[in-house]
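Contents: one structure, followed by commentary.
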Amino acid sequence: MVSFRFLLFKWLLLVLLLWGLGNQPTVAQNLSPQARISLITCSPGDELYSMYGHSAIRVADPAYGIDYVFNYGTFDFSTPNFYPKFVMGKLKYKLAVSNFSDFLAAYQYYNRLVYEQVLNLTAPQKNNVFRFLQTNYLPENREYYYDFFFDNCATRIRDVFQKTLGDTLKFNPALNQKKQSFRQIVGIYQNPFPWADFGVDLAMGEASDRQATASEYMFIPDYLQEGFAKATVQNKNDKAPFAQPVTTLFKANSPVSVLGPLRPGIVCWALFSLGAFLTWWQWRQKYADYSFDAVFFGVIGVLGFVLLFLTTSSEYKAFAKNLNLLWAIPLHLPVAFLLLRQKPWRFIKIYFLITAILMAAILIFWRLLPQEYHPAFFPVVLLLGLRAGYIYFTQKFSIHKRAPQRVSY
């Protein structure tokens, strides 16, 4: 198993390689007629932080010895409170500039495909783009607050050309013909990382289930490449394709699949099987014991507090209105402790009756809810309802003690 330190080292190395000339200013000048500006698209990597791919802008002008990559995907690990800021959406990302040779070497090292689309721009359009990038790179302009869907390395590049080319640039309104939601789009890239997919689905709220518009569809690097390929640009009196055909700058080796057997669905169904067997055994033996429930509902309650914090405090729009809070209820945590009391309070019985009814409603209307649930949540919700019903039917306050007791149903 790869150690966390090794993964962190690889991440830091990639950031350093991509930063390259990060503290060297570009020269304010007009480009020569031989200059070209292109979109660089890099395939997803085999680490969590690289699973969506990457986009950058290349500015090459052999007449002036320029071959720069403008990269909106860098950040500073030395930022105070780095991880809290990252989780809360308050971490500042930066536009960095590096030599293209350094940029390409980094992706060759990590065995990731690198594509290029040279853009069909007039000389004035190229200079407008180059000046915009240089202005954007000024210390007072280069930082921005990253947003998962709406402000990242791909959307920034889309916006660069929309702002500099204006109405002369037309994106195809038929993008996202499959009418996919943000959740469904990122799910394609999260599929090789089942536990990351599970965790991201937990954190994302109802806002993630809105269908992406043609412009929003380009928040993923591969889809930005597709958007540029289908766009047109007005050059003088002619309308031309915005991008030339895609060329491959580096062809990576086929990645080796590393999917393990312990996928979220298997683990959650195994947990349900354990809970269902325990419920059957306790019911048959007429034993009222809530030790399992104290742990299970306690863990779900902790998860609920985390989700509540994210949906109310994070700046990421993707975390808003999280309907996972319908089953990951924060109140489960304090109630779980009350199950361990010698004489639990009487409202416990009503609380778990309501919980059982709510879980049944979620299961019945699973496909009709405005938020799409991860399939692995289903056995968890099913077990919550089963154990809540068990607690309701076996609560006998007159005889219940800390130790398991035989009860009559």
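Chain labels A, B, ... are given in the sequence in which chains occur in the structure tokens; within each chain residues are numbered consecutively from 1, and ligands are likewise numbered from 1 in the order shown.
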
- Find the residues around Leu95 in chain A up to 7 Å (only C-alpha atoms counted), leave out those fewer than 4 positions away in its own chain, and share them as a list of chain:residue names. A:Phe70, A:Asn71, A:Tyr72, A:Gly73, A:Thr74, A:Tyr137, A:Arg142, A:Glu143

Grab the residues selected above and save them as a compact mmCIF listing (two decimals), in the first residue's frame with all heavy atoms.
```txt
# COMPACT_ATOMS: atom_id res chain seq x y z
N PHE A 70 0.22 28.89 -18.97
CA PHE A 70 -0.51 29.62 -17.93
C PHE A 70 -1.45 28.62 -17.26
O PHE A 70 -2.36 28.07 -17.90
CB PHE A 70 -1.29 30.78 -18.53
CG PHE A 70 -0.41 31.91 -19.00
CD1 PHE A 70 0.24 31.85 -20.23
CD2 PHE A 70 -0.21 33.03 -18.19
CE1 PHE A 70 1.06 32.89 -20.66
CE2 PHE A 70 0.61 34.07 -18.60
CZ PHE A 70 1.25 34.00 -19.84
N ASN A 71 -1.22 28.42 -15.98
CA ASN A 71 -1.84 27.31 -15.23
C ASN A 71 -2.62 27.87 -14.05
O ASN A 71 -2.04 28.39 -13.09
CB ASN A 71 -0.73 26.37 -14.77
CG ASN A 71 -1.23 25.20 -13.97
OD1 ASN A 71 -2.44 24.99 -13.84
ND2 ASN A 71 -0.32 24.44 -13.41
N TYR A 72 -3.95 27.73 -14.08
CA TYR A 72 -4.81 28.24 -13.01
C TYR A 72 -5.01 27.22 -11.88
O TYR A 72 -5.86 27.43 -11.02
CB TYR A 72 -6.18 28.62 -13.57
CG TYR A 72 -6.20 29.94 -14.30
CD1 TYR A 72 -6.07 29.99 -15.69
CD2 TYR A 72 -6.35 31.14 -13.62
CE1 TYR A 72 -6.10 31.20 -16.38
CE2 TYR A 72 -6.38 32.36 -14.29
CZ TYR A 72 -6.25 32.38 -15.67
OH TYR A 72 -6.27 33.59 -16.33
N GLY A 73 -4.23 26.17 -11.86
CA GLY A 73 -4.49 25.10 -10.90
C GLY A 73 -3.47 24.93 -9.80
O GLY A 73 -3.30 23.83 -9.28
N THR A 74 -2.76 25.99 -9.39
CA THR A 74 -1.74 25.86 -8.35
C THR A 74 -2.21 26.52 -7.05
O THR A 74 -3.06 27.41 -7.05
CB THR A 74 -0.41 26.48 -8.78
OG1 THR A 74 -0.58 27.89 -8.99
CG2 THR A 74 0.10 25.83 -10.06
N TYR A 137 -1.92 37.74 -14.31
CA TYR A 137 -0.81 37.18 -13.56
C TYR A 137 -0.19 38.18 -12.58
O TYR A 137 0.62 37.80 -11.74
CB TYR A 137 0.26 36.66 -14.52
CG TYR A 137 1.43 36.03 -13.83
CD1 TYR A 137 1.27 34.85 -13.08
CD2 TYR A 137 2.69 36.60 -13.88
CE1 TYR A 137 2.34 34.28 -12.42
CE2 TYR A 137 3.76 36.03 -13.22
CZ TYR A 137 3.59 34.87 -12.50
OH TYR A 137 4.65 34.31 -11.84
N ARG A 142 -3.65 37.46 -9.49
CA ARG A 142 -3.42 36.04 -9.81
C ARG A 142 -4.15 35.06 -8.90
O ARG A 142 -4.32 33.89 -9.26
CB ARG A 142 -1.92 35.73 -9.80
CG ARG A 142 -1.28 35.80 -8.44
CD ARG A 142 0.21 35.45 -8.49
NE ARG A 142 0.97 36.38 -9.31
CZ ARG A 142 2.29 36.51 -9.25
NH1 ARG A 142 2.99 35.76 -8.42
NH2 ARG A 142 2.91 37.38 -10.02
N GLU A 143 -4.59 35.49 -7.73
CA GLU A 143 -5.24 34.58 -6.79
C GLU A 143 -6.76 34.60 -6.96
O GLU A 143 -7.34 35.63 -7.31
CB GLU A 143 -4.87 34.92 -5.36
CG GLU A 143 -3.39 34.70 -5.04
CD GLU A 143 -3.08 34.95 -3.58
OE1 GLU A 143 -3.79 35.77 -2.95
OE2 GLU A 143 -2.14 34.33 -3.05
```

- Message: Show me, as a PyMOL selection string, the residues that have an atom within 7 Å of range 317-334 of chain A when counting only C-alpha atoms, minus same-chain residues fewer than 6 positions from it.
- Response: chain A and resi 148+202-208+297-298+300-305+310-311+359+371+381

Those residues you just picked out, can you put them in a file as a compact mmCIF listing (two decimals), in the first residue's frame with all heavy atoms?
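Done, and the output landed in selection.txt:
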```txt
# COMPACT_ATOMS: atom_id res chain seq x y z
N PHE A 148 -15.59 24.14 -6.74
CA PHE A 148 -15.58 22.81 -7.35
C PHE A 148 -16.16 22.80 -8.76
O PHE A 148 -15.58 22.22 -9.69
CB PHE A 148 -16.36 21.87 -6.44
CG PHE A 148 -16.19 20.41 -6.74
CD1 PHE A 148 -14.93 19.86 -6.88
CD2 PHE A 148 -17.28 19.58 -6.87
CE1 PHE A 148 -14.76 18.51 -7.15
CE2 PHE A 148 -17.13 18.23 -7.13
CZ PHE A 148 -15.86 17.69 -7.27
N LEU A 202 -21.48 11.94 -0.51
CA LEU A 202 -21.94 12.32 0.83
C LEU A 202 -21.94 13.83 1.00
O LEU A 202 -22.88 14.41 1.55
CB LEU A 202 -21.05 11.68 1.89
CG LEU A 202 -21.47 10.34 2.48
CD1 LEU A 202 -20.39 9.85 3.43
CD2 LEU A 202 -22.80 10.45 3.21
N ALA A 203 -20.87 14.46 0.55
CA ALA A 203 -20.69 15.90 0.81
C ALA A 203 -21.53 16.77 -0.12
O ALA A 203 -21.95 17.86 0.27
CB ALA A 203 -19.21 16.27 0.67
N MET A 204 -21.79 16.30 -1.34
CA MET A 204 -22.50 17.13 -2.31
C MET A 204 -24.00 17.16 -2.02
O MET A 204 -24.59 16.13 -1.70
CB MET A 204 -22.26 16.63 -3.73
CG MET A 204 -20.85 16.86 -4.23
SD MET A 204 -20.66 16.65 -6.03
CE MET A 204 -21.25 14.98 -6.27
N GLY A 205 -24.57 18.33 -2.16
CA GLY A 205 -25.98 18.51 -1.87
C GLY A 205 -26.84 18.57 -3.11
O GLY A 205 -26.41 18.22 -4.23
N GLU A 206 -28.06 19.05 -2.92
CA GLU A 206 -29.04 19.09 -4.00
C GLU A 206 -28.58 19.95 -5.17
O GLU A 206 -28.93 19.68 -6.32
CB GLU A 206 -30.37 19.63 -3.46
CG GLU A 206 -31.49 19.65 -4.45
CD GLU A 206 -32.74 20.33 -3.90
OE1 GLU A 206 -32.83 20.48 -2.66
OE2 GLU A 206 -33.61 20.70 -4.71
N ALA A 207 -27.76 20.97 -4.90
CA ALA A 207 -27.28 21.85 -5.96
C ALA A 207 -26.49 21.09 -7.01
O ALA A 207 -26.41 21.51 -8.18
CB ALA A 207 -26.42 22.96 -5.36
N SER A 208 -25.91 19.97 -6.63
CA SER A 208 -25.10 19.17 -7.57
C SER A 208 -25.95 18.39 -8.54
O SER A 208 -25.42 17.85 -9.52
CB SER A 208 -24.21 18.21 -6.78
OG SER A 208 -23.41 18.90 -5.85
N PHE A 297 -25.88 4.39 15.57
CA PHE A 297 -26.53 5.69 15.49
C PHE A 297 -25.58 6.81 15.90
O PHE A 297 -25.68 7.93 15.40
CB PHE A 297 -27.80 5.71 16.34
CG PHE A 297 -28.97 5.04 15.68
CD1 PHE A 297 -29.24 3.69 15.91
CD2 PHE A 297 -29.80 5.74 14.83
CE1 PHE A 297 -30.32 3.07 15.30
CE2 PHE A 297 -30.88 5.13 14.20
CZ PHE A 297 -31.14 3.78 14.44
N GLY A 298 -24.64 6.51 16.79
CA GLY A 298 -23.66 7.51 17.19
C GLY A 298 -22.76 7.90 16.03
O GLY A 298 -22.50 9.09 15.80
N ILE A 300 -23.45 7.56 12.80
CA ILE A 300 -24.28 8.28 11.83
C ILE A 300 -24.52 9.72 12.29
O ILE A 300 -24.53 10.66 11.49
CB ILE A 300 -25.62 7.56 11.61
CG1 ILE A 300 -25.39 6.16 11.01
CG2 ILE A 300 -26.53 8.38 10.70
CD1 ILE A 300 -24.74 6.16 9.65
N GLY A 301 -24.69 9.91 13.61
CA GLY A 301 -24.88 11.25 14.13
C GLY A 301 -23.66 12.13 13.95
O GLY A 301 -23.77 13.32 13.60
N VAL A 302 -22.45 11.56 14.16
CA VAL A 302 -21.21 12.30 13.92
C VAL A 302 -21.13 12.71 12.45
O VAL A 302 -20.79 13.86 12.12
CB VAL A 302 -19.99 11.46 14.32
CG1 VAL A 302 -18.70 12.13 13.86
CG2 VAL A 302 -19.95 11.25 15.82
N LEU A 303 -21.44 11.76 11.56
CA LEU A 303 -21.45 12.07 10.13
C LEU A 303 -22.44 13.19 9.83
O LEU A 303 -22.16 14.09 9.04
CB LEU A 303 -21.82 10.81 9.35
CG LEU A 303 -21.98 10.97 7.84
CD1 LEU A 303 -20.68 11.42 7.20
CD2 LEU A 303 -22.45 9.64 7.22
N GLY A 304 -23.59 13.16 10.49
CA GLY A 304 -24.59 14.20 10.28
C GLY A 304 -24.10 15.57 10.69
O GLY A 304 -24.35 16.57 9.99
N PHE A 305 -23.37 15.65 11.81
CA PHE A 305 -22.82 16.94 12.24
C PHE A 305 -21.80 17.46 11.23
O PHE A 305 -21.75 18.67 10.95
CB PHE A 305 -22.18 16.82 13.62
CG PHE A 305 -23.15 17.01 14.75
CD1 PHE A 305 -23.53 15.94 15.55
CD2 PHE A 305 -23.69 18.26 15.01
CE1 PHE A 305 -24.43 16.13 16.60
CE2 PHE A 305 -24.58 18.46 16.06
CZ PHE A 305 -24.96 17.39 16.85
N LEU A 310 -20.70 21.32 6.80
CA LEU A 310 -20.30 21.60 5.43
C LEU A 310 -21.40 22.35 4.67
O LEU A 310 -21.12 23.31 3.95
CB LEU A 310 -19.97 20.30 4.70
CG LEU A 310 -18.69 19.57 5.13
CD1 LEU A 310 -18.55 18.27 4.36
CD2 LEU A 310 -17.47 20.45 4.91
N THR A 311 -22.64 21.91 4.83
CA THR A 311 -23.72 22.50 4.04
C THR A 311 -24.08 23.92 4.50
O THR A 311 -24.63 24.70 3.73
CB THR A 311 -24.97 21.60 4.07
OG1 THR A 311 -25.86 21.98 3.03
CG2 THR A 311 -25.69 21.67 5.40
N MET A 359 -37.19 6.81 7.55
CA MET A 359 -36.35 5.94 6.72
C MET A 359 -37.19 5.17 5.70
O MET A 359 -36.78 4.99 4.55
CB MET A 359 -35.57 4.96 7.60
CG MET A 359 -34.57 5.58 8.57
SD MET A 359 -33.36 6.70 7.81
CE MET A 359 -34.00 8.30 8.36
N GLN A 371 -32.52 15.00 -4.82
CA GLN A 371 -31.08 14.73 -4.75
C GLN A 371 -30.84 13.25 -5.03
O GLN A 371 -31.50 12.38 -4.46
CB GLN A 371 -30.51 15.10 -3.38
CG GLN A 371 -29.03 14.78 -3.21
CD GLN A 371 -28.46 15.31 -1.93
OE1 GLN A 371 -28.78 16.44 -1.51
NE2 GLN A 371 -27.60 14.56 -1.28
N VAL A 381 -29.52 3.22 4.98
CA VAL A 381 -30.85 3.73 5.32
C VAL A 381 -31.76 2.58 5.73
O VAL A 381 -32.55 2.70 6.69
CB VAL A 381 -31.45 4.51 4.14
CG1 VAL A 381 -32.88 4.96 4.44
CG2 VAL A 381 -30.58 5.72 3.80
```

- Item | Per-residue DSSP, range 63-286 of chain A, filtered to alpha helix (DSSP H), as a ChimeraX atom specification | /A:82-88,100-109,123-136,153-165,182-190,194-203,221-229,264-285

- Message: Would you pick out the contacts of range 41-44 of chain A at 12 Å or less, using only C-alpha atoms, so that residues sharing its chain but fewer than 6 positions from it are not included, and give the list as a ChimeraX atom specification?
- Response: /A:50-58,69,71,103-104,106-108,110-118,153-154,157,186,188-193,220-226,228,246-255

Just write the chosen residues, N, CA and C atoms, as a compact mmCIF listing (two decimals), in the first residue's frame.
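So the final result, stored in again-v9.txt, reads:
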```txt
# COMPACT_ATOMS: atom_id res chain seq x y z
N SER A 50 -5.93 14.30 -8.84
CA SER A 50 -5.79 14.47 -10.29
C SER A 50 -6.87 13.71 -11.06
N MET A 51 -7.92 13.24 -10.39
CA MET A 51 -8.86 12.33 -11.04
C MET A 51 -9.75 13.01 -12.07
N TYR A 52 -9.82 14.35 -12.09
CA TYR A 52 -10.66 15.04 -13.06
C TYR A 52 -9.88 15.53 -14.28
N GLY A 53 -8.56 15.40 -14.28
CA GLY A 53 -7.75 15.92 -15.37
C GLY A 53 -7.36 17.37 -15.11
N HIS A 54 -6.76 18.00 -16.11
CA HIS A 54 -6.26 19.36 -15.92
C HIS A 54 -6.25 20.09 -17.26
N SER A 55 -6.40 21.42 -17.19
CA SER A 55 -6.35 22.27 -18.37
C SER A 55 -5.38 23.42 -18.15
N ALA A 56 -4.78 23.90 -19.24
CA ALA A 56 -3.87 25.05 -19.17
C ALA A 56 -3.85 25.72 -20.54
N ILE A 57 -3.30 26.92 -20.59
CA ILE A 57 -3.16 27.66 -21.85
C ILE A 57 -1.68 27.74 -22.21
N ARG A 58 -1.36 27.40 -23.43
CA ARG A 58 0.02 27.50 -23.92
C ARG A 58 0.14 28.70 -24.85
N VAL A 69 3.31 28.21 -20.27
CA VAL A 69 2.03 27.60 -19.90
C VAL A 69 1.43 28.41 -18.76
N ASN A 71 -1.22 28.42 -15.98
CA ASN A 71 -1.84 27.31 -15.23
C ASN A 71 -2.62 27.87 -14.05
N PHE A 103 6.42 21.82 -17.81
CA PHE A 103 5.04 21.35 -17.65
C PHE A 103 4.88 19.97 -18.27
N LEU A 104 5.37 19.79 -19.50
CA LEU A 104 5.23 18.51 -20.19
C LEU A 104 6.01 17.42 -19.46
N ALA A 106 6.51 17.10 -16.33
CA ALA A 106 5.77 16.68 -15.14
C ALA A 106 4.72 15.64 -15.50
N TYR A 107 4.01 15.86 -16.60
CA TYR A 107 2.96 14.92 -16.98
C TYR A 107 3.52 13.65 -17.61
N GLN A 108 4.69 13.75 -18.21
CA GLN A 108 5.36 12.54 -18.67
C GLN A 108 5.79 11.69 -17.47
N TYR A 110 4.34 11.50 -14.61
CA TYR A 110 3.16 10.88 -14.00
C TYR A 110 2.34 10.06 -14.99
N ASN A 111 2.89 9.86 -16.21
CA ASN A 111 2.27 8.98 -17.19
C ASN A 111 0.83 9.40 -17.50
N ARG A 112 0.67 10.69 -17.81
CA ARG A 112 -0.64 11.22 -18.12
C ARG A 112 -0.64 11.81 -19.53
N LEU A 113 -1.66 11.47 -20.29
CA LEU A 113 -1.79 11.96 -21.66
C LEU A 113 -1.83 13.49 -21.69
N VAL A 114 -1.21 14.06 -22.70
CA VAL A 114 -1.22 15.51 -22.88
C VAL A 114 -1.66 15.81 -24.31
N TYR A 115 -2.74 16.58 -24.44
CA TYR A 115 -3.28 16.95 -25.74
C TYR A 115 -3.14 18.46 -25.95
N GLU A 116 -3.13 18.85 -27.23
CA GLU A 116 -3.06 20.27 -27.57
C GLU A 116 -4.05 20.58 -28.68
N GLN A 117 -4.73 21.72 -28.54
CA GLN A 117 -5.60 22.25 -29.59
C GLN A 117 -5.13 23.67 -29.89
N VAL A 118 -4.50 23.87 -31.04
CA VAL A 118 -4.11 25.22 -31.44
C VAL A 118 -5.37 25.99 -31.83
N CYS A 153 -9.69 25.31 -12.75
CA CYS A 153 -8.69 25.47 -13.80
C CYS A 153 -9.29 25.45 -15.20
N ALA A 154 -10.43 24.78 -15.38
CA ALA A 154 -11.08 24.72 -16.68
C ALA A 154 -12.00 25.91 -16.92
N ILE A 157 -10.21 29.15 -17.80
CA ILE A 157 -9.74 29.21 -19.19
C ILE A 157 -10.90 29.54 -20.12
N VAL A 186 -19.21 14.36 -12.65
CA VAL A 186 -18.03 14.05 -11.85
C VAL A 186 -18.00 12.57 -11.47
N ILE A 188 -18.48 10.11 -13.38
CA ILE A 188 -17.74 9.37 -14.42
C ILE A 188 -16.26 9.30 -14.06
N TYR A 189 -15.73 10.39 -13.54
CA TYR A 189 -14.30 10.47 -13.22
C TYR A 189 -13.98 9.89 -11.85
N GLN A 190 -14.98 9.84 -10.99
CA GLN A 190 -14.77 9.27 -9.65
C GLN A 190 -14.91 7.75 -9.63
N ASN A 191 -15.45 7.19 -10.71
CA ASN A 191 -15.71 5.75 -10.74
C ASN A 191 -14.48 4.89 -10.45
N PRO A 192 -13.27 5.25 -10.93
CA PRO A 192 -12.09 4.44 -10.58
C PRO A 192 -11.69 4.56 -9.11
N PHE A 193 -12.27 5.51 -8.39
CA PHE A 193 -11.96 5.73 -6.98
C PHE A 193 -13.25 5.58 -6.18
N ILE A 220 -15.18 20.51 -16.55
CA ILE A 220 -14.28 19.36 -16.58
C ILE A 220 -13.33 19.54 -17.77
N PRO A 221 -12.01 19.34 -17.58
CA PRO A 221 -11.06 19.56 -18.68
C PRO A 221 -11.40 18.84 -19.98
N ASP A 222 -11.80 17.57 -19.91
CA ASP A 222 -12.16 16.85 -21.15
C ASP A 222 -13.32 17.53 -21.87
N TYR A 223 -14.27 18.04 -21.10
CA TYR A 223 -15.43 18.68 -21.70
C TYR A 223 -15.10 20.10 -22.18
N LEU A 224 -14.12 20.72 -21.57
CA LEU A 224 -13.63 22.00 -22.09
C LEU A 224 -13.00 21.77 -23.46
N GLN A 225 -12.22 20.70 -23.59
CA GLN A 225 -11.63 20.34 -24.87
C GLN A 225 -12.73 20.11 -25.92
N GLU A 226 -13.78 19.41 -25.54
CA GLU A 226 -14.89 19.17 -26.45
C GLU A 226 -15.60 20.48 -26.81
N PHE A 228 -14.32 23.51 -26.90
CA PHE A 228 -13.48 24.29 -27.82
C PHE A 228 -13.53 23.68 -29.22
N VAL A 246 -7.36 18.07 -32.45
CA VAL A 246 -6.56 17.73 -31.28
C VAL A 246 -5.33 16.93 -31.70
N THR A 247 -4.18 17.31 -31.17
CA THR A 247 -2.95 16.54 -31.38
C THR A 247 -2.46 16.02 -30.03
N THR A 248 -1.81 14.88 -30.07
CA THR A 248 -1.30 14.26 -28.85
C THR A 248 0.17 14.62 -28.68
N LEU A 249 0.49 15.29 -27.59
CA LEU A 249 1.87 15.67 -27.30
C LEU A 249 2.60 14.60 -26.52
N PHE A 250 1.85 13.85 -25.73
CA PHE A 250 2.45 12.74 -24.99
C PHE A 250 1.41 11.65 -24.84
N LYS A 251 1.75 10.45 -25.29
CA LYS A 251 0.86 9.31 -25.18
C LYS A 251 1.30 8.42 -24.03
N ALA A 252 0.48 8.35 -23.01
CA ALA A 252 0.84 7.60 -21.80
C ALA A 252 0.57 6.12 -21.98
N ASN A 253 1.21 5.33 -21.13
CA ASN A 253 0.93 3.90 -21.08
C ASN A 253 -0.42 3.68 -20.42
N SER A 254 -1.05 2.57 -20.75
CA SER A 254 -2.35 2.26 -20.15
C SER A 254 -2.19 2.08 -18.65
N PRO A 255 -3.02 2.77 -17.85
CA PRO A 255 -2.92 2.62 -16.39
C PRO A 255 -3.35 1.25 -15.93
```

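For Asp201 in chain A, the non-local neighbours within 9 Å, defined as residues at least 5 positions apart in the same chain or in other chains and counting only C-alpha atoms, are Arg183, Gly187, Ala196, Glu372, Tyr373 and His374 of chain A.
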
- Message: Residues near range 126-130 of chain A, anyone? I mean within 12 Å using only C-alpha atoms, not counting same-chain ones fewer than 2 positions away, as an NGL selection string.
- Response: :A and (26-38 or 57-61 or 66 or 68-70 or 118-124 or 132-137 or 157-166 or 235)

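Of the listed residues A:Lys178, A:Arg284, A:Phe75, A:Ala388, the one whose atoms come nearest to Ile354 in chain A is A:Ala388, with distances taken using only C-alpha atoms.
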
- Message: Excluding Cys268 in chain A and its own-chain neighbours fewer than 4 positions away, which residues fall within 7 Å of it when counting only C-alpha atoms? Please give them as JSON, numbers by chain.
- Response: {"A": [264, 272, 376, 379, 380]}

- Considering only C-alpha atoms, state which residue in the set A:Thr168, A:Ile391, A:Gly385, A:Val295 is at the smallest distance from Phe242 in chain A. A:Thr168

- Query: So how far away is CA of Ala243 in chain A from CA of Ser98 in chain A, in Å?
  - Reply: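 We find that CA of Ser98 in chain A and CA of Ala243 in chain A lie 22.7 Å from each other.
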
- Looking at only C-alpha atoms, which of A:Tyr217, A:Tyr64, A:Trp283, A:Phe82 is the one that sits closest to Ala174 in chain A?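 Smallest separation from Ala174 in chain A among the options: A:Tyr217.
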
- Please identify which residues in range 16-259 of chain A DSSP calls strand (DSSP E) from the backbone, and express them as JSON, numbers by chain. {"A": [36, 37, 38, 39, 40, 41, 42, 54, 55, 56, 57, 58, 59, 60, 61, 66, 67, 68, 69, 70, 71, 72, 73, 74, 75, 92, 93, 94, 95, 96, 97, 98, 99, 114, 115, 116, 117, 118, 143, 144, 145, 169, 170, 232, 233, 234, 235, 238, 239, 240, 241, 247, 248, 249, 250]}

- Using only C-alpha atoms, which residue out of A:Val335, A:Ala356, A:Leu175, A:Leu340 lies closest to Asp289 in chain A?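 That would be A:Leu340, the residue with the smallest distance to Asp289 in chain A.
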